[in-house]
Protein chains: 2
Amino acid sequence: MADLPSRPKPARRRRGGKRVTLKTVAEMLNLSPATVSIVLNRSPVADSIPQETKERVFAAARQLDYRPNYLARSLRGKRSFSVGVLVPEVSEGYASGVMSGIEDHLIEGGYFYLIASHRGKPELLAEYLNQLEDRSVEGFILVAAQIETPPRLPTIAVSGHRRLEGVTNVVVDHDKAVTQALSHLVELGHERIAFLRGATDNVDAEERWRTIERVADQLGIAIRPELAPQLVGSRYGAVFSPEEGYQEGYSYGQKLLANGAVRGASKPDFTALFAFNDVSAIGAMRAFLDAGLRIPEDVSVVGFDDIQSAAFHNPSLTTVRQPLREMGVSAGEILLQRLSGRGSYPDFVTVEPQLRVRASTGPVRSD
Amino acid sequence: MADLPSRPKPARRRRGGKRVTLKTVAEMLNLSPATVSIVLNRSPVADSIPQETKERVFAAARQLDYRPNYLARSLRGKRSFSVGVLVPEVSEGYASGVMSGIEDHLIEGGYFYLIASHRGKPELLAEYLNQLEDRSVEGFILVAAQIETPPRLPTIAVSGHRRLEGVTNVVVDHDKAVTQALSHLVELGHERIAFLRGATDNVDAEERWRTIERVADQLGIAIRPELAPQLVGSRYGAVFSPEEGYQEGYSYGQKLLANGAVRGASKPDFTALFAFNDVSAIGAMRAFLDAGLRIPEDVSVVGFDDIQSAAFHNPSLTTVRQPLREMGVSAGEILLQRLSGRGSYPDFVTVEPQLRVRASTGPVRSD
DNA sequence: AAGCCCTATTCAAACGTTTTAAATCGTGGC
DNA sequence: GCCACGATTTAAAACGTTTGAATAGGGCTT
């Protein structure tokens with residue numbers, strides 16, 4: 001790869017205008033295609049071929065700029081060196097974060113990936129799984145996808161949750177994530193905390209909420225249902241767009257202010273918000289600011305994910321970072337391992353969250 | 001597609017455990033694979049096949065859940081129904097915006113796409129172009145990629161600039177974009193305007209700057225070199241990351257404050273900034289805010305792109321929206337047309353920018 | 001009855017690999 | 001002079017499809 005740029009312009013087509021194939025190379029050397037193939041692939045049988053012949057083959061291949069035909073090779077060898085990646089929407093921050101990591105090991109390992117957006121629709125997801133299988137992908141990486149039945153091929157689910165036959169789940173350690181966030185608030189003196197719960201169609205929502213209930217209980221935090229509304233999400237059929245997420249966060253922020261309103265007081269009956277994700281946190285912050293509240297003096301806000309803009313918001317957002325890129329890297333890596341087929345594979349791979357303390361959280365003020 | 005979910009679980013493998021192939025179907029019907037293929041593909045020759053036979057074929061195919069093997073079909077037919085997409089980095093906002101549109105028509109047209117990130121490195125780009133060509137893609141879509149020589153396959157360049165043989169460029173109308181932005185500032189009374197120029201490795205930088213010089217001249221705006229520094233960008237070899245972009249915007253914001261400092265005054269010698277893009281605009285805004293300036297009272301800021309977080313920033317960012325998704329849609333559409341090979345194709349396709357006026361711009365104050 | 005055109009279907013090659021079993025060819029042992 | 005043998009190399013099948021040429025049967029014309 002390093003020497004590519006300096007290499008002279010490749011021929012790739014023979015003088016006749018025909019593609020350079022194994023046969024072309026073989027004819028040039030007065031050998032058979034079989035021999036050339038064996039040498040070029042360094043197949044075990046190549047041991048019995050004298051060094052001198054090998055060198056002739058390599059030289060000829062280089063001279064003609066022979067490039068094996070992938071389709072033919074895959075057809076014969078039943079390996080396509082491709083995997084399918086299914087995301088809700090490529091432009092959505094969570095998915096694109098994960099995607100950026102997927103590539104790392106896959107391409108090194110000689111794999112490329114085909115992408116499709118399922119837009120949260122189960123029927124589209126099913127359809128694409130079929131189409132990609134028809135295209136002979138060797139495995140799948142699913143990001144934020146709900147599946148009931150395991151695909152027929154080796155599959156890695158990023159932030160999946162179910163234990164399914166043949167599926168490896170790459171998940172963030174929710175217990176640690178939630179504990180970090182809530183402990184941070186507790187240390188700052190917060191006791192009355194509001195929450196935004198994830199929508200039912202979000203793969204992480206249920207697990208995370210269960211964890212929150214458990215950890216809150218351990219820390220002695222009471223959860224008041226009217227201050228823990230569940231986001232609706234974009235539902236099946238809608239395109240997942242961050243704009244909608246912000247809007248939803250905004251309106252739920254207003255809702256929280258209404259539900260937590262204290263007669264005669266300018267401040268609501270909670271001092272902190274733990275949102276389901278950064279997008280909704282930012283929307284809610286905006287609602288708080290618009291209502292004349294100060295952040296973090298009046299209300300502290302904690303998000304989840306650490307999307308790109310979280311750090312550059314004003315005020316910058318304290319959040320639990322999910323290492324999206326690393327999760328993508330793991331997914332690619334594990335799929336590669338599974339495809340090379342050595343033995344067993346894990347059901348779950350857990351990655352570590354990290355609390356990023358920024359400007360949106362501060363100590364409780366008792367004025 | 002609509003009836004897929006309700007369809008009973010497909011067999012896809014025959015009782016023997018062998019894949020269902022054309023031959024399987026043919027044998028079941030006592031016909032030859034050729035006939036089955038002709039019928040299933042509705043090839044012209046199928047006219048001479050009686051309706052009754054056709055129906056038998058369709059029925060058998062459905063019953064066995066026959067799915068043609070893509071690799072075999074592509075090998076034979078020399079069409080892979082795949083295209084290659086090259087972006088700087090999938091998680092980068094510009095690229096993912098475009099990507100989300102690319103998919104629309106491609107998948108409808110039976111195409112999938114393979115993605116790779118060139119990370120701004122020409123040698124990686126060249127390498128991937130080769131690898132994808134080896135994989136028999138039928139064409140390319142390049143996003144924010146610098147190429148000197150045209151690829152061997154039909155290519156659409158999104159925000160390319162050069163006129164290259166075989167390449168269709170999808171570009172935003174820079175003249176309109178710049179005119180809208182600068183007119184807006186002029187209408188607000190701004191005369192002393194600072195700029196951030198795009199880095200040399202950015203495909204849009206040169207074109208946009210030339211346009212700015214021209215339009216500024218028309219509008220009677222003087223460009224002062226010390227207030228129009230050029231961003232350095234991530235240079236070849238670095239991963240394109242928004243974080244770096246923000247940081248760079250921040251430090252260039254500080255630089256502008258230094259260059260534009262007026263002895264004894266608390267405000268700099270410019271009342272507005274037209275940044276190269278939203279990321280640098282947001283970084284610079286942060287620098288201004290940190291320096292105690294108010295936005296837009298002391299300095300108005302205009303960005304470019306309208307990335308997702310522009311609207312939700314505080315203050316929200318006035319910017320020139322590039323219809324990224326639409327540009328992706330166009331790219332996919334045009335490539336599809338070119339692949340289906342009807343006649344000639346355009347060199348350039350221009351899309352319309354749109355000024356989004358938000359809270360970061362306001363009238364000049366003379367206090 | 002030969003020739004001919006239709007209709008319905010099939011043959012066989014081709015796409016470019018990989019792989020297994022087998023062919024070829026000295027060579028040395030007996 | 002025969003045979004086994006190691007060392008090289010190859011023929012041929014297989015992967016699953018598409019397609020242009022070919023076939024078989026039958027009815028129709030002259």
# chains A, B, ... in the order shown; residues from 1 in each chain; ligands from 1
$ interface_residues --of "chain B" --to "chain D" --cutoff "9 Å" --atoms "only C-alpha atoms (C1' of nucleotides)" --output "count of residues only"
16
$ residues_around --residues "region 166-176 of chain B" --least-positions-apart "3" --cutoff "6 Å" --atoms "only C-alpha atoms (C1' of nucleotides)" --output "ChimeraX atom specification"
/B:154-160,179-180,347-352
$ atom_distance --atom1 "CA of Val178 (chain B)" --atom2 "CA of Ala216 (chain B)"
8.9 Å
$ closest_residue --among "A:Tyr66, A:Phe140, A:Tyr246, A:Phe276" --to "Tyr128 (chain A)" --atoms "only C-alpha atoms"
A:Phe140
$ closest_atom_pairs --of "chain C" --to "chain A" --cutoff "7 Å" --atoms "only C-alpha atoms (C1' of nucleotides)" --output "Markdown table"
| residue | atom | partner | partner_atom | distance |
| --- | --- | --- | --- | --- |
| C:DG16 | C1' | A:Ala72 | CA | 5.0 |
| C:DT17 | C1' | A:Arg73 | CA | 4.7 |
| C:DT18 | C1' | A:Arg76 | CA | 6.4 |
$ select_by_dssp --residues "region 16-181 of chain B" --states "alpha helix (DSSP H)" --output "number ranges by chain"
B: 22-29, 33-40, 51-64, 70-77, 93-108, 122-134, 174-181
$ write_last_selection --atoms "C-alpha atoms" --output "short mmCIF file (atom, residue, chain, number, x, y, z; two decimals), in the first residue's frame"
data_model
loop_
_atom_site.label_atom_id
_atom_site.label_comp_id
_atom_site.auth_asym_id
_atom_site.auth_seq_id
_atom_site.Cartn_x
_atom_site.Cartn_y
_atom_site.Cartn_z
CA LEU B 22 -31.70 -22.18 -10.83
CA LYS B 23 -31.01 -25.84 -11.39
CA THR B 24 -33.07 -26.82 -8.39
CA VAL B 25 -36.05 -24.97 -9.75
CA ALA B 26 -35.48 -26.33 -13.24
CA GLU B 27 -35.31 -29.91 -12.08
CA MET B 28 -38.49 -29.57 -10.10
CA LEU B 29 -40.25 -28.49 -13.27
CA PRO B 33 -32.11 -23.66 -16.13
CA ALA B 34 -32.09 -21.55 -19.26
CA THR B 35 -35.85 -21.48 -19.49
CA VAL B 36 -36.25 -20.66 -15.85
CA SER B 37 -33.74 -17.85 -16.10
CA ILE B 38 -35.45 -16.42 -19.16
CA VAL B 39 -38.83 -16.43 -17.53
CA LEU B 40 -37.68 -15.04 -14.23
CA GLN B 51 -48.24 -18.14 -20.17
CA GLU B 52 -48.93 -21.43 -18.51
CA THR B 53 -45.27 -22.38 -18.36
CA LYS B 54 -44.38 -18.99 -17.02
CA GLU B 55 -46.81 -19.40 -14.23
CA ARG B 56 -45.44 -22.79 -13.33
CA VAL B 57 -41.98 -21.25 -13.15
CA PHE B 58 -43.06 -18.38 -10.98
CA ALA B 59 -44.94 -20.69 -8.67
CA ALA B 60 -41.99 -23.02 -8.26
CA ALA B 61 -39.61 -20.14 -7.64
CA ARG B 62 -41.86 -18.77 -4.99
CA GLN B 63 -42.43 -22.11 -3.38
CA LEU B 64 -38.74 -22.83 -3.12
CA TYR B 70 -25.68 -12.11 -7.00
CA LEU B 71 -22.10 -13.07 -7.50
CA ALA B 72 -22.87 -15.46 -10.32
CA ARG B 73 -25.20 -13.02 -11.95
CA SER B 74 -22.74 -10.18 -11.71
CA LEU B 75 -19.86 -12.28 -12.92
CA ARG B 76 -21.78 -13.30 -15.95
CA GLY B 77 -23.53 -10.06 -16.63
CA GLY B 93 -21.17 16.17 9.55
CA TYR B 94 -20.75 17.26 5.98
CA ALA B 95 -20.16 13.75 4.73
CA SER B 96 -22.89 12.11 6.72
CA GLY B 97 -25.39 14.72 5.58
CA VAL B 98 -24.60 13.92 1.98
CA MET B 99 -24.53 10.19 2.62
CA SER B 100 -28.01 10.19 4.03
CA GLY B 101 -29.31 11.36 0.66
CA ILE B 102 -27.24 9.10 -1.52
CA GLU B 103 -29.09 6.05 -0.42
CA ASP B 104 -32.55 7.19 -1.48
CA HIS B 105 -32.47 6.43 -5.16
CA LEU B 106 -29.65 3.96 -5.21
CA ILE B 107 -31.38 1.31 -3.18
CA GLU B 108 -34.62 1.81 -5.05
CA PRO B 122 -4.69 11.31 -1.52
CA GLU B 123 -2.86 8.02 -1.37
CA LEU B 124 -5.65 6.39 0.61
CA LEU B 125 -8.15 7.78 -1.83
CA ALA B 126 -6.24 6.32 -4.76
CA GLU B 127 -5.90 3.02 -2.98
CA TYR B 128 -9.61 2.78 -2.26
CA LEU B 129 -10.53 3.76 -5.78
CA ASN B 130 -8.46 0.81 -6.93
CA GLN B 131 -9.83 -1.60 -4.39
CA LEU B 132 -13.38 -0.65 -5.12
CA GLU B 133 -12.78 -0.97 -8.82
CA ASP B 134 -11.39 -4.43 -8.15
CA HIS B 174 -21.38 29.79 -4.27
CA ASP B 175 -22.27 33.09 -5.79
CA LYS B 176 -25.75 33.04 -4.34
CA ALA B 177 -24.53 31.71 -1.04
CA VAL B 178 -21.94 34.39 -0.53
CA THR B 179 -24.19 37.13 -1.83
CA GLN B 180 -26.93 36.17 0.58
CA ALA B 181 -24.60 36.11 3.55
#
$ atom_distance --atom1 "CA of Ala275 (chain B)" --atom2 "CA of Arg162 (chain B)"
23.5 Å
$ atom_distance --atom1 "CA of Met327 (chain B)" --atom2 "CA of Ile147 (chain B)"
19.0 Å
$ select_by_dssp --residues "region 181-300 of chain A" --states "strand (DSSP E or B)" --output "ChimeraX atom specification"
/A:193-195,197,230,272-274,300
$ closest_residue --among "A:Val302, A:Ile193, A:Ala284, A:Ala205" --to "chain B" --atoms "only C-alpha atoms"
A:Ala284
$ residues_around --residues "Thr319 (chain A)" --least-positions-apart "4" --cutoff "9 Å" --atoms "only C-alpha atoms (C1' of nucleotides)" --output "JSON, numbers by chain"
{"A": [181, 277, 278, 301, 302, 303, 304, 305, 306, 310, 354, 355, 356, 357, 358, 360]}
$ decode --residues "chain D" --atoms "N, CA and C atoms (P, O5', C5', C4', C3', O3' and C1' of nucleotides)" --output "short mmCIF file (atom, residue, chain, number, x, y, z; two decimals), in the first residue's frame"
data_model
loop_
_atom_site.label_atom_id
_atom_site.label_comp_id
_atom_site.auth_asym_id
_atom_site.auth_seq_id
_atom_site.Cartn_x
_atom_site.Cartn_y
_atom_site.Cartn_z
P DG D 1 17.42 -53.00 -22.55
"O5'" DG D 1 16.28 -53.09 -21.47
"C5'" DG D 1 15.62 -54.32 -21.25
"C4'" DG D 1 14.80 -54.17 -20.01
"C3'" DG D 1 13.65 -53.16 -20.12
"O3'" DG D 1 12.55 -53.72 -19.43
"C1'" DG D 1 14.98 -52.58 -18.29
P DC D 2 11.13 -53.28 -19.88
"O5'" DC D 2 10.50 -53.30 -18.42
"C5'" DC D 2 10.82 -54.39 -17.55
"C4'" DC D 2 10.57 -53.97 -16.13
"C3'" DC D 2 9.34 -53.06 -15.95
"O3'" DC D 2 8.53 -53.59 -14.93
"C1'" DC D 2 11.25 -52.06 -14.94
P DC D 3 7.11 -52.91 -14.70
"O5'" DC D 3 7.43 -52.18 -13.34
"C5'" DC D 3 8.30 -52.80 -12.39
"C4'" DC D 3 8.48 -51.88 -11.21
"C3'" DC D 3 7.27 -50.97 -10.94
"O3'" DC D 3 6.96 -51.01 -9.57
"C1'" DC D 3 9.23 -49.64 -11.20
P DA D 4 5.61 -50.37 -9.07
"O5'" DA D 4 6.20 -49.41 -7.95
"C5'" DA D 4 7.33 -49.85 -7.18
"C4'" DA D 4 8.06 -48.63 -6.65
"C3'" DA D 4 7.15 -47.57 -6.00
"O3'" DA D 4 7.78 -47.13 -4.82
"C1'" DA D 4 8.43 -46.58 -7.73
P DC D 5 7.10 -46.15 -3.88
"O5'" DC D 5 7.83 -44.80 -4.27
"C5'" DC D 5 9.26 -44.78 -4.40
"C4'" DC D 5 9.67 -43.37 -4.74
"C3'" DC D 5 8.69 -42.33 -4.22
"O3'" DC D 5 9.38 -41.35 -3.49
"C1'" DC D 5 9.15 -41.97 -6.54
P DG D 6 8.55 -40.46 -2.53
"O5'" DG D 6 9.21 -39.05 -2.86
"C5'" DG D 6 10.63 -38.98 -3.04
"C4'" DG D 6 10.94 -37.84 -3.97
"C3'" DG D 6 10.26 -36.54 -3.59
"O3'" DG D 6 11.22 -35.49 -3.73
"C1'" DG D 6 9.64 -37.13 -5.81
P DA D 7 10.88 -34.04 -3.35
"O5'" DA D 7 10.68 -33.44 -4.79
"C5'" DA D 7 11.65 -33.68 -5.78
"C4'" DA D 7 11.23 -32.99 -7.06
"C3'" DA D 7 10.60 -31.61 -6.83
"O3'" DA D 7 11.12 -30.74 -7.82
"C1'" DA D 7 9.13 -32.98 -8.08
P DT D 8 11.00 -29.16 -7.62
"O5'" DT D 8 10.17 -28.74 -8.88
"C5'" DT D 8 8.87 -29.24 -9.01
"C4'" DT D 8 8.48 -29.16 -10.48
"C3'" DT D 8 7.59 -27.97 -10.75
"O3'" DT D 8 7.86 -27.47 -12.05
"C1'" DT D 8 6.40 -30.01 -11.04
P DT D 9 7.22 -26.09 -12.51
"O5'" DT D 9 5.85 -26.61 -13.08
"C5'" DT D 9 5.87 -27.43 -14.25
"C4'" DT D 9 4.51 -28.02 -14.48
"C3'" DT D 9 3.39 -26.99 -14.67
"O3'" DT D 9 3.05 -26.97 -16.05
"C1'" DT D 9 2.69 -28.88 -13.40
P DT D 10 1.93 -26.00 -16.56
"O5'" DT D 10 0.71 -27.01 -16.58
"C5'" DT D 10 0.87 -28.27 -17.23
"C4'" DT D 10 -0.40 -29.07 -17.08
"C3'" DT D 10 -1.67 -28.32 -17.45
"O3'" DT D 10 -2.43 -29.16 -18.30
"C1'" DT D 10 -1.91 -29.30 -15.33
P DA D 11 -3.34 -28.50 -19.37
"O5'" DA D 11 -4.46 -29.63 -19.44
"C5'" DA D 11 -4.14 -30.95 -19.02
"C4'" DA D 11 -5.38 -31.65 -18.48
"C3'" DA D 11 -6.70 -31.17 -19.06
"O3'" DA D 11 -7.51 -32.31 -19.20
"C1'" DA D 11 -6.69 -30.80 -16.73
P DA D 12 -8.88 -32.21 -19.87
"O5'" DA D 12 -9.81 -32.00 -18.59
"C5'" DA D 12 -9.64 -32.87 -17.47
"C4'" DA D 12 -10.65 -32.51 -16.40
"C3'" DA D 12 -11.96 -31.93 -16.94
"O3'" DA D 12 -12.98 -32.42 -16.12
"C1'" DA D 12 -11.02 -30.39 -15.47
P DA D 13 -14.47 -32.34 -16.61
"O5'" DA D 13 -15.22 -32.19 -15.20
"C5'" DA D 13 -14.62 -32.77 -14.04
"C4'" DA D 13 -14.89 -31.90 -12.84
"C3'" DA D 13 -16.30 -31.31 -12.78
"O3'" DA D 13 -16.79 -31.47 -11.47
"C1'" DA D 13 -14.72 -29.59 -12.57
P DA D 14 -18.37 -31.42 -11.24
"O5'" DA D 14 -18.53 -30.15 -10.30
"C5'" DA D 14 -17.62 -29.95 -9.21
"C4'" DA D 14 -17.59 -28.48 -8.88
"C3'" DA D 14 -18.94 -27.76 -9.06
"O3'" DA D 14 -19.44 -27.36 -7.80
"C1'" DA D 14 -17.12 -26.48 -9.93
P DC D 15 -20.99 -27.03 -7.71
"O5'" DC D 15 -21.05 -25.58 -7.09
"C5'" DC D 15 -19.99 -24.97 -6.40
"C4'" DC D 15 -20.00 -23.49 -6.69
"C3'" DC D 15 -21.29 -22.98 -7.31
"O3'" DC D 15 -22.17 -22.53 -6.27
"C1'" DC D 15 -19.34 -22.02 -8.34
P DG D 16 -23.70 -23.04 -6.28
"O5'" DG D 16 -24.36 -22.05 -7.35
"C5'" DG D 16 -24.46 -20.69 -7.01
"C4'" DG D 16 -24.90 -19.92 -8.23
"C3'" DG D 16 -26.22 -20.38 -8.83
"O3'" DG D 16 -27.04 -19.23 -8.96
"C1'" DG D 16 -24.58 -20.17 -10.51
P DT D 17 -28.52 -19.30 -9.50
"O5'" DT D 17 -28.42 -18.50 -10.87
"C5'" DT D 17 -28.10 -17.16 -10.86
"C4'" DT D 17 -27.31 -16.74 -12.07
"C3'" DT D 17 -28.12 -16.51 -13.34
"O3'" DT D 17 -28.58 -15.17 -13.31
"C1'" DT D 17 -25.91 -17.42 -13.77
P DT D 18 -29.65 -14.72 -14.36
"O5'" DT D 18 -28.82 -14.60 -15.72
"C5'" DT D 18 -27.86 -13.57 -15.84
"C4'" DT D 18 -27.25 -13.62 -17.22
"C3'" DT D 18 -28.22 -13.38 -18.38
"O3'" DT D 18 -27.57 -12.47 -19.24
"C1'" DT D 18 -27.07 -15.40 -18.74
P DT D 19 -28.40 -11.76 -20.38
"O5'" DT D 19 -27.99 -12.60 -21.68
"C5'" DT D 19 -26.61 -12.70 -22.02
"C4'" DT D 19 -26.50 -13.58 -23.25
"C3'" DT D 19 -27.62 -13.40 -24.28
"O3'" DT D 19 -27.03 -13.43 -25.56
"C1'" DT D 19 -27.45 -15.66 -23.68
P DG D 20 -27.51 -12.35 -26.61
"O5'" DG D 20 -26.90 -12.96 -27.94
"C5'" DG D 20 -25.52 -13.34 -27.98
"C4'" DG D 20 -25.37 -14.63 -28.76
"C3'" DG D 20 -26.17 -14.66 -30.07
"O3'" DG D 20 -25.38 -15.33 -31.06
"C1'" DG D 20 -26.86 -16.45 -28.69
P DA D 21 -25.92 -15.51 -32.52
"O5'" DA D 21 -25.85 -17.09 -32.66
"C5'" DA D 21 -24.82 -17.81 -32.00
"C4'" DA D 21 -25.21 -19.28 -31.94
"C3'" DA D 21 -25.85 -19.79 -33.22
"O3'" DA D 21 -25.28 -21.06 -33.52
"C1'" DA D 21 -27.28 -20.22 -31.40
P DA D 22 -25.79 -21.89 -34.76
"O5'" DA D 22 -26.70 -22.99 -34.05
"C5'" DA D 22 -26.12 -23.82 -33.04
"C4'" DA D 22 -27.20 -24.74 -32.51
"C3'" DA D 22 -27.98 -25.48 -33.61
"O3'" DA D 22 -27.94 -26.87 -33.32
"C1'" DA D 22 -29.47 -24.44 -32.09
P DT D 23 -28.41 -27.92 -34.39
"O5'" DT D 23 -29.69 -28.52 -33.67
"C5'" DT D 23 -29.61 -28.90 -32.30
"C4'" DT D 23 -31.02 -29.06 -31.79
"C3'" DT D 23 -31.90 -29.90 -32.71
"O3'" DT D 23 -32.24 -31.08 -32.04
"C1'" DT D 23 -33.02 -27.96 -31.90
P DA D 24 -32.68 -32.36 -32.80
"O5'" DA D 24 -34.21 -32.45 -32.40
"C5'" DA D 24 -34.57 -32.22 -31.04
"C4'" DA D 24 -36.06 -31.96 -30.99
"C3'" DA D 24 -36.86 -32.77 -32.00
"O3'" DA D 24 -37.94 -33.36 -31.30
"C1'" DA D 24 -37.38 -30.47 -32.21
P DG D 25 -38.75 -34.57 -31.93
"O5'" DG D 25 -40.19 -33.94 -32.09
"C5'" DG D 25 -40.72 -33.15 -31.03
"C4'" DG D 25 -41.72 -32.19 -31.60
"C3'" DG D 25 -42.70 -32.81 -32.61
"O3'" DG D 25 -44.00 -32.62 -32.10
"C1'" DG D 25 -41.85 -30.75 -33.41
P DG D 26 -45.23 -33.44 -32.65
"O5'" DG D 26 -45.95 -32.32 -33.51
"C5'" DG D 26 -46.30 -31.11 -32.86
"C4'" DG D 26 -46.63 -30.05 -33.88
"C3'" DG D 26 -47.54 -30.54 -35.02
"O3'" DG D 26 -48.66 -29.68 -35.09
"C1'" DG D 26 -45.74 -29.28 -35.86
P DG D 27 -50.05 -30.30 -35.62
"O5'" DG D 27 -50.50 -29.10 -36.54
"C5'" DG D 27 -50.45 -27.77 -36.01
"C4'" DG D 27 -50.07 -26.80 -37.10
"C3'" DG D 27 -50.95 -26.89 -38.35
"O3'" DG D 27 -51.35 -25.59 -38.73
"C1'" DG D 27 -48.68 -27.01 -38.96
P DC D 28 -52.60 -25.40 -39.67
"O5'" DC D 28 -52.01 -24.49 -40.82
"C5'" DC D 28 -50.94 -23.58 -40.50
"C4'" DC D 28 -50.18 -23.24 -41.76
"C3'" DC D 28 -51.01 -23.34 -43.05
"O3'" DC D 28 -50.98 -22.09 -43.72
"C1'" DC D 28 -48.94 -24.49 -43.30
P DT D 29 -51.97 -21.87 -44.96
"O5'" DT D 29 -50.92 -21.87 -46.15
"C5'" DT D 29 -49.84 -20.94 -46.13
"C4'" DT D 29 -48.75 -21.39 -47.09
"C3'" DT D 29 -49.19 -21.42 -48.57
"O3'" DT D 29 -48.37 -20.53 -49.30
"C1'" DT D 29 -47.96 -23.38 -47.97
P DT D 30 -48.89 -20.09 -50.75
"O5'" DT D 30 -48.25 -21.15 -51.73
"C5'" DT D 30 -46.86 -21.08 -52.06
"C4'" DT D 30 -46.42 -22.39 -52.69
"C3'" DT D 30 -47.10 -22.69 -54.03
"O3'" DT D 30 -46.14 -22.55 -55.08
"C1'" DT D 30 -46.86 -24.65 -52.63
#
